[in-house]
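Here is the file input.txt (compact mmCIF, C-alpha atoms).
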# COMPACT_ATOMS: atom_id res chain seq x y z
CA MET A 232 -16.64 7.98 -17.95
CA ALA A 233 -20.32 8.56 -18.76
CA LEU A 234 -22.55 8.52 -15.68
CA GLU A 235 -24.87 5.70 -16.70
CA GLY A 236 -23.66 2.43 -15.23
CA LEU A 237 -21.03 3.93 -12.93
CA HIS A 238 -20.57 2.29 -9.53
CA ILE A 239 -20.50 5.07 -6.93
CA ILE A 240 -20.26 5.35 -3.14
CA VAL A 241 -22.11 8.31 -1.61
CA THR A 242 -21.44 9.06 2.06
CA GLY A 243 -23.91 11.06 4.12
CA ALA A 244 -26.73 9.79 1.91
CA ALA A 245 -29.42 9.65 4.61
CA GLN A 246 -30.47 13.28 4.20
CA GLY A 247 -29.65 16.71 2.80
CA ILE A 248 -27.04 17.11 0.08
CA GLY A 249 -26.10 13.42 0.27
CA GLU A 250 -29.64 12.20 -0.25
CA ARG A 251 -30.26 14.66 -3.09
CA THR A 252 -27.01 13.61 -4.75
CA ALA A 253 -27.95 9.93 -4.44
CA ARG A 254 -31.37 10.54 -5.99
CA THR A 255 -29.84 12.52 -8.85
CA LEU A 256 -27.23 9.87 -9.60
CA ALA A 257 -29.85 7.14 -9.46
CA GLN A 258 -31.96 9.00 -12.02
CA LYS A 259 -28.93 9.02 -14.31
CA GLY A 260 -28.56 5.25 -14.17
CA CYS A 261 -25.72 4.85 -11.67
CA SER A 262 -25.31 1.81 -9.43
CA LEU A 263 -25.03 3.16 -5.91
CA TYR A 264 -23.77 2.21 -2.48
CA LEU A 265 -25.27 4.61 0.05
CA THR A 266 -23.77 4.97 3.49
CA ASP A 267 -24.32 7.03 6.62
CA ILE A 268 -23.97 6.77 10.38
CA GLN A 269 -27.82 6.82 10.39
CA ASP A 270 -28.05 3.25 9.14
CA GLY A 271 -31.83 2.85 9.34
CA LYS A 272 -32.47 6.13 7.56
CA VAL A 273 -30.00 5.48 4.76
CA ALA A 274 -31.44 1.97 4.34
CA GLY A 275 -34.81 3.55 3.59
CA VAL A 276 -33.33 5.80 0.90
CA ALA A 277 -31.37 2.88 -0.57
CA THR A 278 -34.45 0.66 -0.72
CA GLU A 279 -36.38 3.36 -2.55
CA LEU A 280 -33.55 3.80 -5.07
CA ALA A 281 -32.75 0.07 -5.44
CA ALA A 282 -29.25 0.77 -4.14
CA GLN A 283 -26.86 -1.10 -1.89
CA HIS A 284 -26.19 0.35 1.54
CA GLY A 285 -24.26 0.00 4.78
CA PRO A 286 -23.32 1.99 7.89
CA VAL A 287 -20.20 4.06 8.43
CA ASP A 288 -18.78 6.29 11.12
CA ILE A 289 -16.35 8.34 9.05
CA GLY A 290 -14.57 9.52 12.17
CA GLN A 291 -13.30 5.96 12.73
CA PRO A 292 -10.69 4.61 10.24
CA ASP A 293 -11.71 0.99 10.86
CA SER A 294 -15.32 1.82 10.06
CA ALA A 295 -14.29 3.56 6.84
CA ASP A 296 -12.18 0.55 5.83
CA ALA A 297 -15.03 -1.88 6.50
CA MET A 298 -17.56 0.21 4.59
CA VAL A 299 -15.37 0.46 1.49
CA ALA A 300 -14.69 -3.29 1.58
CA ASP A 301 -18.43 -3.96 1.83
CA ALA A 302 -19.17 -1.61 -1.07
CA ILE A 303 -16.60 -3.30 -3.30
CA GLU A 304 -17.98 -6.72 -2.40
CA LYS A 305 -21.57 -5.69 -3.15
CA LEU A 306 -20.95 -3.66 -6.32
CA GLY A 307 -17.95 -5.58 -7.67
CA HIS A 308 -15.90 -2.44 -8.24
CA ILE A 309 -16.09 1.27 -7.49
CA ASP A 310 -15.68 4.01 -10.11
CA ALA A 311 -16.24 7.05 -7.91
CA LEU A 312 -16.46 8.17 -4.30
CA VAL A 313 -18.55 11.16 -3.23
CA ASN A 314 -17.66 12.37 0.26
CA ILE A 315 -20.60 14.30 1.70
CA ALA A 316 -20.92 13.00 5.27
CA GLY A 317 -20.08 15.48 8.00
CA ILE A 318 -21.56 17.47 10.86
CA ASP A 319 -22.40 21.13 11.34
CA GLY A 320 -20.10 23.31 13.39
CA PRO A 321 -22.41 24.93 15.98
CA ASP A 322 -22.09 28.69 16.23
CA ASP A 323 -19.41 29.41 18.82
CA ASP A 324 -17.51 32.42 20.02
CA ALA A 325 -13.87 31.76 19.19
CA LEU A 326 -12.81 32.05 22.81
CA GLU A 327 -15.53 29.69 24.03
CA GLU A 328 -14.91 26.69 21.78
CA THR A 329 -13.98 23.71 23.92
CA GLU A 330 -11.21 21.22 23.25
CA GLU A 331 -13.83 18.47 22.96
CA HIS A 332 -15.78 20.40 20.33
CA TRP A 333 -12.65 21.25 18.34
CA ARG A 334 -11.51 17.63 18.22
CA ARG A 335 -14.96 16.32 17.27
CA ILE A 336 -15.34 18.71 14.34
CA ILE A 337 -11.81 18.07 13.05
CA ASP A 338 -12.13 14.30 13.51
CA ILE A 339 -15.36 14.08 11.52
CA ASP A 340 -15.32 16.98 9.05
CA LEU A 341 -11.62 16.88 8.10
CA SER A 342 -10.20 13.49 9.06
CA GLY A 343 -13.39 11.60 8.15
CA PRO A 344 -13.31 12.25 4.38
CA TRP A 345 -9.61 11.40 4.43
CA TRP A 346 -10.19 8.04 6.14
CA VAL A 347 -12.82 7.11 3.55
CA THR A 348 -10.70 8.32 0.63
CA ARG A 349 -7.63 6.54 1.98
CA ALA A 350 -9.60 3.31 2.16
CA MET A 351 -10.78 3.77 -1.44
CA LEU A 352 -7.50 4.73 -3.13
CA PRO A 353 -5.81 1.29 -3.35
CA HIS A 354 -8.82 -0.08 -5.26
CA MET A 355 -8.76 2.85 -7.68
CA ILE A 356 -4.99 2.61 -8.13
CA GLU A 357 -5.34 -1.09 -8.96
CA ARG A 358 -8.01 -0.27 -11.56
CA GLY A 359 -6.00 2.64 -12.97
CA SER A 360 -8.92 5.06 -12.75
CA GLY A 361 -11.35 6.75 -10.40
CA ARG A 362 -12.98 9.98 -9.35
CA VAL A 363 -13.23 11.40 -5.84
CA VAL A 364 -15.37 14.39 -4.85
CA ILE A 365 -14.92 16.01 -1.44
CA THR A 366 -17.55 18.41 -0.07
CA SER A 367 -16.06 21.48 1.57
CA SER A 368 -18.05 24.62 2.46
CA ILE A 369 -18.17 28.36 1.97
CA ALA A 370 -16.65 28.38 5.48
CA GLY A 371 -13.50 26.91 3.91
CA THR A 372 -13.03 29.95 1.69
CA MET A 373 -14.57 32.87 3.61
CA GLY A 374 -14.59 33.93 7.23
CA PHE A 375 -17.79 34.28 9.25
CA GLU A 376 -17.86 35.63 12.78
CA GLU A 377 -20.67 33.30 13.78
CA PHE A 378 -19.00 30.05 12.63
CA SER A 379 -16.76 28.13 15.01
CA PRO A 380 -12.99 28.16 14.35
CA SER A 381 -12.95 24.36 14.10
CA TYR A 382 -15.52 24.34 11.29
CA HIS A 383 -13.59 26.96 9.32
CA ALA A 384 -10.37 25.01 9.82
CA ALA A 385 -11.88 21.65 8.84
CA LYS A 386 -13.53 22.89 5.67
CA ALA A 387 -10.45 24.84 4.59
CA GLY A 388 -8.38 21.75 5.29
CA LEU A 389 -10.50 19.72 2.89
CA ILE A 390 -9.52 22.06 0.07
CA GLY A 391 -5.86 21.61 0.95
CA LEU A 392 -6.38 17.85 1.13
CA THR A 393 -7.98 17.90 -2.32
CA LYS A 394 -5.08 19.80 -3.87
CA GLY A 395 -2.46 17.58 -2.29
CA LEU A 396 -4.15 14.30 -3.18
CA SER A 397 -4.90 15.38 -6.74
CA ALA A 398 -1.24 16.17 -7.36
CA ARG A 399 -0.21 12.78 -5.98
CA PHE A 400 -2.73 10.52 -7.74
CA GLU A 401 -3.31 12.01 -11.20
CA LYS A 402 -0.62 9.70 -12.56
CA ASP A 403 -2.71 6.76 -11.31
CA GLY A 404 -5.70 7.91 -13.36
CA ILE A 405 -7.56 9.31 -10.33
CA LEU A 406 -9.15 12.77 -10.42
CA ILE A 407 -9.86 14.39 -7.06
CA ASN A 408 -11.86 17.60 -6.70
CA ALA A 409 -13.75 19.53 -4.04
CA ILE A 410 -17.08 21.32 -4.14
CA VAL A 411 -17.69 24.51 -2.16
CA PRO A 412 -21.43 24.86 -1.44
CA GLY A 413 -22.81 28.14 -0.17
CA TYR A 414 -25.93 28.70 1.90
CA ILE A 415 -28.39 26.16 0.54
CA GLY A 416 -30.89 26.43 3.38
CA THR A 417 -31.92 22.77 3.51
CA THR A 418 -29.29 20.64 5.23
CA GLY A 419 -27.71 20.35 8.63
CA ASN A 420 -29.50 22.82 10.85
CA PRO A 421 -32.04 24.29 8.40
CA MET A 422 -32.14 28.07 8.08
CA PRO A 423 -35.34 29.62 9.49
CA GLN A 424 -37.61 30.89 6.76
CA SER A 425 -37.03 34.47 7.93
CA GLU A 426 -33.29 34.06 7.34
CA ILE A 427 -33.89 32.46 3.94
CA ASP A 428 -36.13 35.34 2.93
CA ALA A 429 -33.56 37.90 4.08
CA TYR A 430 -30.76 36.09 2.26
CA ASN A 431 -32.79 35.82 -0.95
CA ALA A 432 -33.57 39.53 -0.80
CA ASP A 433 -29.82 40.30 -0.85
CA HIS A 434 -28.69 37.60 -3.30
CA ALA A 435 -30.35 37.34 -6.71
CA LEU A 436 -29.66 33.61 -7.13
CA GLY A 437 -31.08 32.74 -3.71
CA THR A 438 -30.17 29.82 -1.48
CA GLY A 439 -30.60 27.27 -4.27
CA GLY A 440 -31.20 24.18 -2.18
CA ALA A 441 -29.20 20.95 -2.49
CA GLN A 442 -29.82 20.32 -6.19
CA PRO A 443 -27.07 22.62 -7.55
CA VAL A 444 -24.53 20.72 -5.44
CA ALA A 445 -25.81 17.38 -6.74
CA ASP A 446 -25.56 18.75 -10.28
CA ALA A 447 -21.95 19.81 -9.66
CA VAL A 448 -21.15 16.28 -8.48
CA CYS A 449 -22.59 14.92 -11.73
CA TYR A 450 -20.51 17.36 -13.76
CA LEU A 451 -17.29 16.23 -12.07
CA LEU A 452 -18.09 12.52 -12.43
CA ASP A 453 -19.31 12.64 -16.04
CA ASP A 454 -17.21 13.09 -19.19
CA SER A 455 -17.43 16.84 -18.55
CA GLY A 456 -15.00 16.40 -15.64
CA ARG A 457 -12.36 14.41 -17.51
CA TRP A 458 -9.81 17.28 -17.46
CA ILE A 459 -10.63 18.75 -14.05
CA SER A 460 -8.33 17.93 -11.14
CA GLY A 461 -7.47 19.64 -7.89
CA THR A 462 -10.16 22.30 -8.11
CA ALA A 463 -12.52 23.70 -5.49
CA MET A 464 -15.69 24.16 -7.53
CA ASN A 465 -17.63 27.27 -6.53
CA VAL A 466 -21.33 26.42 -6.08
CA THR A 467 -22.33 29.38 -3.93
CA GLY A 468 -24.82 31.30 -6.07
CA GLY A 469 -22.56 34.33 -6.26
CA LEU A 470 -21.73 34.55 -2.56
CA TRP A 471 -18.06 33.68 -3.18
CA ARG A 472 -16.82 35.23 -6.42
CA ARG A 473 -13.67 33.27 -7.18
Output the file's structure as structure tokens, nothing else.
Amino acid sequence: MALEGLHIIVTGAAQGIGERTARTLAQKGCSLYLTDIQDGKVAGVATELAAQHGPVDIGQPDSADAMVADAIEKLGHIDALVNIAGIDGPDDDALEETEEHWRRIIDIDLSGPWWVTRAMLPHMIERGSGRVVITSSIAGTMGFEEFSPSYHAAKAGLIGLTKGLSARFEKDGILINAIVPGYIGTTGNPMPQSEIDAYNADHALGTGGAQPVADAVCYLLDDSGRWISGTAMNVTGGLWRR
């Protein structure tokens, strides 16, 4: 499965890690379907990259189903799905997180990638091959006092989802892996420059930006990832040493 010519869906492609991943895959000759809840913004990225596009609200199973059907219709088939769409978990004291906030984070950041992957799996099973990448977070592997409990739970849940799905679908020729980004400083709510400078002073590899995550996606989708399944790839610049 060389990258050139692959048909790939990228969710969350309107900005941040998703946009950087889309641009990197386009440079490598992939045929892309870019999707995001920000339909106008993702359309602009898609037009620039000569890619197909459509809207999705990953928190709604029907929307995920419709998006995948549209992508298959427009590209003919899908070789890989890259789940990047999600929302930040605002800093919250554990005892102050509301029920509404908990449900919103879990619905989008944990259930959302599952709804999209679930919609994609029958097509990959029928083809006898496929790759799925799920974007977790350093908050799924380490605890931070300032992060909300829901965000920790959602991102840790994605790693569990990855392991369970990979064990189930390897026999169908489908490889499913997660990526664990660290502080990249450029997506979601951007880190203030003062925080970036302080972080870089303490960590030799720095914040890195979105490109290392996009490169990890390419590694998992290319021939280099042909024997990798059920892993949570550490792309944290030394913050998480496992």
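Of note, CA of Gly243 (chain A) and CA of Gly413 (chain A) are spaced 17.6 Å apart.
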Discussion item. One number please: CA of His383 (chain A) to CA of Ser367 (chain A), in Å, one decimal.
Written reply: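 Separating CA of His383 (chain A) from CA of Ser367 (chain A) is a distance of 9.8 Å.
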Worksheet item: To one decimal place, how far is CA of Ala398 (chain A) from CA of Glu304 (chain A) in Å?
Response: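 It comes out at 28.8 Å.
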Worksheet item: From the list A:Val364, A:Asp267, A:Gly260, A:His238, which residue is nearest Lys305 (chain A) when using all atoms listed in the file?
Response: A:His238
Practice prompt. May I have the residues at most 12 Å from (-17.0, 18.5, 19.7) in the file's coordinates, counting all atoms listed in the file, as JSON, numbers by chain?
Written response: {"A": [290, 318, 319, 320, 321, 322, 323, 328, 329, 330, 331, 332, 333, 334, 335, 336, 337, 338, 339, 340, 379, 380, 381, 382]}
Proximity check region 293-359 of chain A to region 423-447 of chain A, 12 Å, nearest pairs one decimal Å, all atoms listed in the file, as a tab-separated table:
residue	atom	partner	partner_atom	distance
A:Val313	CA	A:Ala445	CA	10.2
A:Asn314	CA	A:Ala445	CA	11.9
A:Ile315	CA	A:Val444	CA	10.4
Discussion item. When you look at Met373 (chain A) with a cut-off of 10 Å (counting only C-alpha atoms), what residues show up, excluding the ones that are within fewer than 4 positions of it in the same chain? I need them as a PyMOL selection string.
Written reply: chain A and resi 368-369+383+387+470-471
Worksheet item: Is there a way to get, as a list in words, all residues within 8 Å of the point (-13.6, 31.5, -5.7) in file coordinates, counting only C-alpha atoms?
Response: Thr372, Ala463, Met464, Asn465, Trp471, Arg472 and Arg473 of chain A
Give me region 392-428 of chain A with N, CA and C atoms filled in, as a PDB file, keeping the file's coordinate frame.
ATOM      1  N   LEU A 392      -6.456  19.291   1.339  1.00  0.00           N
ATOM      2  CA  LEU A 392      -6.380  17.850   1.130  1.00  0.00           C
ATOM      3  C   LEU A 392      -6.633  17.504  -0.332  1.00  0.00           C
ATOM      4  N   THR A 393      -7.641  18.135  -0.917  1.00  0.00           N
ATOM      5  CA  THR A 393      -7.980  17.900  -2.320  1.00  0.00           C
ATOM      6  C   THR A 393      -6.814  18.234  -3.226  1.00  0.00           C
ATOM      7  N   LYS A 394      -6.192  19.378  -3.012  1.00  0.00           N
ATOM      8  CA  LYS A 394      -5.080  19.800  -3.870  1.00  0.00           C
ATOM      9  C   LYS A 394      -3.891  18.862  -3.732  1.00  0.00           C
ATOM     10  N   GLY A 395      -3.582  18.474  -2.495  1.00  0.00           N
ATOM     11  CA  GLY A 395      -2.460  17.580  -2.290  1.00  0.00           C
ATOM     12  C   GLY A 395      -2.676  16.200  -2.881  1.00  0.00           C
ATOM     13  N   LEU A 396      -3.869  15.634  -2.661  1.00  0.00           N
ATOM     14  CA  LEU A 396      -4.150  14.300  -3.180  1.00  0.00           C
ATOM     15  C   LEU A 396      -4.224  14.295  -4.702  1.00  0.00           C
ATOM     16  N   SER A 397      -4.792  15.349  -5.282  1.00  0.00           N
ATOM     17  CA  SER A 397      -4.900  15.380  -6.740  1.00  0.00           C
ATOM     18  C   SER A 397      -3.518  15.380  -7.384  1.00  0.00           C
ATOM     19  N   ALA A 398      -2.589  16.135  -6.811  1.00  0.00           N
ATOM     20  CA  ALA A 398      -1.240  16.170  -7.360  1.00  0.00           C
ATOM     21  C   ALA A 398      -0.549  14.811  -7.251  1.00  0.00           C
ATOM     22  N   ARG A 399      -0.860  14.088  -6.202  1.00  0.00           N
ATOM     23  CA  ARG A 399      -0.210  12.780  -5.980  1.00  0.00           C
ATOM     24  C   ARG A 399      -0.788  11.687  -6.858  1.00  0.00           C
ATOM     25  N   PHE A 400      -2.101  11.702  -7.131  1.00  0.00           N
ATOM     26  CA  PHE A 400      -2.730  10.520  -7.740  1.00  0.00           C
ATOM     27  C   PHE A 400      -3.215  10.705  -9.175  1.00  0.00           C
ATOM     28  N   GLU A 401      -2.949  11.848  -9.791  1.00  0.00           N
ATOM     29  CA  GLU A 401      -3.310  12.010 -11.200  1.00  0.00           C
ATOM     30  C   GLU A 401      -2.614  10.965 -12.069  1.00  0.00           C
ATOM     31  N   LYS A 402      -1.373  10.666 -11.753  1.00  0.00           N
ATOM     32  CA  LYS A 402      -0.620   9.700 -12.560  1.00  0.00           C
ATOM     33  C   LYS A 402      -1.191   8.294 -12.467  1.00  0.00           C
ATOM     34  N   ASP A 403      -2.039   8.060 -11.463  1.00  0.00           N
ATOM     35  CA  ASP A 403      -2.710   6.760 -11.310  1.00  0.00           C
ATOM     36  C   ASP A 403      -4.088   6.764 -11.968  1.00  0.00           C
ATOM     37  N   GLY A 404      -4.407   7.837 -12.689  1.00  0.00           N
ATOM     38  CA  GLY A 404      -5.700   7.910 -13.360  1.00  0.00           C
ATOM     39  C   GLY A 404      -6.847   8.331 -12.473  1.00  0.00           C
ATOM     40  N   ILE A 405      -6.532   8.938 -11.320  1.00  0.00           N
ATOM     41  CA  ILE A 405      -7.560   9.310 -10.330  1.00  0.00           C
ATOM     42  C   ILE A 405      -7.678  10.826 -10.287  1.00  0.00           C
ATOM     43  N   LEU A 406      -8.876  11.332 -10.483  1.00  0.00           N
ATOM     44  CA  LEU A 406      -9.150  12.770 -10.420  1.00  0.00           C
ATOM     45  C   LEU A 406      -9.868  13.087  -9.119  1.00  0.00           C
ATOM     46  N   ILE A 407      -9.331  14.042  -8.370  1.00  0.00           N
ATOM     47  CA  ILE A 407      -9.860  14.390  -7.060  1.00  0.00           C
ATOM     48  C   ILE A 407     -10.171  15.874  -7.036  1.00  0.00           C
ATOM     49  N   ASN A 408     -11.401  16.213  -6.722  1.00  0.00           N
ATOM     50  CA  ASN A 408     -11.860  17.600  -6.700  1.00  0.00           C
ATOM     51  C   ASN A 408     -12.730  17.853  -5.481  1.00  0.00           C
ATOM     52  N   ALA A 409     -12.871  19.117  -5.130  1.00  0.00           N
ATOM     53  CA  ALA A 409     -13.750  19.530  -4.040  1.00  0.00           C
ATOM     54  C   ALA A 409     -14.890  20.377  -4.595  1.00  0.00           C
ATOM     55  N   ILE A 410     -15.973  20.415  -3.857  1.00  0.00           N
ATOM     56  CA  ILE A 410     -17.080  21.320  -4.140  1.00  0.00           C
ATOM     57  C   ILE A 410     -17.258  22.238  -2.944  1.00  0.00           C
ATOM     58  N   VAL A 411     -17.470  23.522  -3.213  1.00  0.00           N
ATOM     59  CA  VAL A 411     -17.690  24.510  -2.160  1.00  0.00           C
ATOM     60  C   VAL A 411     -19.146  24.983  -2.242  1.00  0.00           C
ATOM     61  N   PRO A 412     -20.051  24.367  -1.473  1.00  0.00           N
ATOM     62  CA  PRO A 412     -21.430  24.860  -1.440  1.00  0.00           C
ATOM     63  C   PRO A 412     -21.538  26.133  -0.619  1.00  0.00           C
ATOM     64  N   GLY A 413     -22.494  26.970  -0.980  1.00  0.00           N
ATOM     65  CA  GLY A 413     -22.810  28.140  -0.170  1.00  0.00           C
ATOM     66  C   GLY A 413     -23.975  27.849   0.744  1.00  0.00           C
ATOM     67  N   TYR A 414     -24.732  28.875   1.083  1.00  0.00           N
ATOM     68  CA  TYR A 414     -25.930  28.700   1.900  1.00  0.00           C
ATOM     69  C   TYR A 414     -27.008  28.051   1.032  1.00  0.00           C
ATOM     70  N   ILE A 415     -27.352  26.812   1.334  1.00  0.00           N
ATOM     71  CA  ILE A 415     -28.390  26.160   0.540  1.00  0.00           C
ATOM     72  C   ILE A 415     -29.716  26.099   1.297  1.00  0.00           C
ATOM     73  N   GLY A 416     -29.664  26.266   2.611  1.00  0.00           N
ATOM     74  CA  GLY A 416     -30.890  26.430   3.380  1.00  0.00           C
ATOM     75  C   GLY A 416     -31.653  25.168   3.709  1.00  0.00           C
ATOM     76  N   THR A 417     -31.115  23.978   3.352  1.00  0.00           N
ATOM     77  CA  THR A 417     -31.920  22.770   3.510  1.00  0.00           C
ATOM     78  C   THR A 417     -31.223  21.624   4.213  1.00  0.00           C
ATOM     79  N   THR A 418     -29.978  21.770   4.609  1.00  0.00           N
ATOM     80  CA  THR A 418     -29.290  20.640   5.230  1.00  0.00           C
ATOM     81  C   THR A 418     -28.714  21.056   6.569  1.00  0.00           C
ATOM     82  N   GLY A 419     -28.250  20.065   7.317  1.00  0.00           N
ATOM     83  CA  GLY A 419     -27.710  20.350   8.630  1.00  0.00           C
ATOM     84  C   GLY A 419     -28.790  20.945   9.508  1.00  0.00           C
ATOM     85  N   ASN A 420     -28.493  22.083  10.103  1.00  0.00           N
ATOM     86  CA  ASN A 420     -29.500  22.820  10.850  1.00  0.00           C
ATOM     87  C   ASN A 420     -30.183  23.779   9.887  1.00  0.00           C
ATOM     88  N   PRO A 421     -31.408  23.481   9.449  1.00  0.00           N
ATOM     89  CA  PRO A 421     -32.040  24.290   8.400  1.00  0.00           C
ATOM     90  C   PRO A 421     -32.161  25.753   8.809  1.00  0.00           C
ATOM     91  N   MET A 422     -31.973  26.645   7.827  1.00  0.00           N
ATOM     92  CA  MET A 422     -32.140  28.070   8.080  1.00  0.00           C
ATOM     93  C   MET A 422     -33.618  28.368   8.330  1.00  0.00           C
ATOM     94  N   PRO A 423     -33.941  29.185   9.327  1.00  0.00           N
ATOM     95  CA  PRO A 423     -35.340  29.620   9.490  1.00  0.00           C
ATOM     96  C   PRO A 423     -35.807  30.348   8.239  1.00  0.00           C
ATOM     97  N   GLN A 424     -37.093  30.265   7.965  1.00  0.00           N
ATOM     98  CA  GLN A 424     -37.610  30.890   6.760  1.00  0.00           C
ATOM     99  C   GLN A 424     -37.328  32.388   6.726  1.00  0.00           C
ATOM    100  N   SER A 425     -37.322  33.033   7.887  1.00  0.00           N
ATOM    101  CA  SER A 425     -37.030  34.470   7.930  1.00  0.00           C
ATOM    102  C   SER A 425     -35.619  34.761   7.440  1.00  0.00           C
ATOM    103  N   GLU A 426     -34.670  33.882   7.796  1.00  0.00           N
ATOM    104  CA  GLU A 426     -33.290  34.060   7.340  1.00  0.00           C
ATOM    105  C   GLU A 426     -33.172  33.772   5.850  1.00  0.00           C
ATOM    106  N   ILE A 427     -33.900  32.753   5.374  1.00  0.00           N
ATOM    107  CA  ILE A 427     -33.890  32.460   3.940  1.00  0.00           C
ATOM    108  C   ILE A 427     -34.428  33.641   3.154  1.00  0.00           C
ATOM    109  N   ASP A 428     -35.526  34.206   3.626  1.00  0.00           N
ATOM    110  CA  ASP A 428     -36.130  35.340   2.930  1.00  0.00           C
ATOM    111  C   ASP A 428     -35.170  36.536   2.903  1.00  0.00           C
TER     112      ASP A 428
END
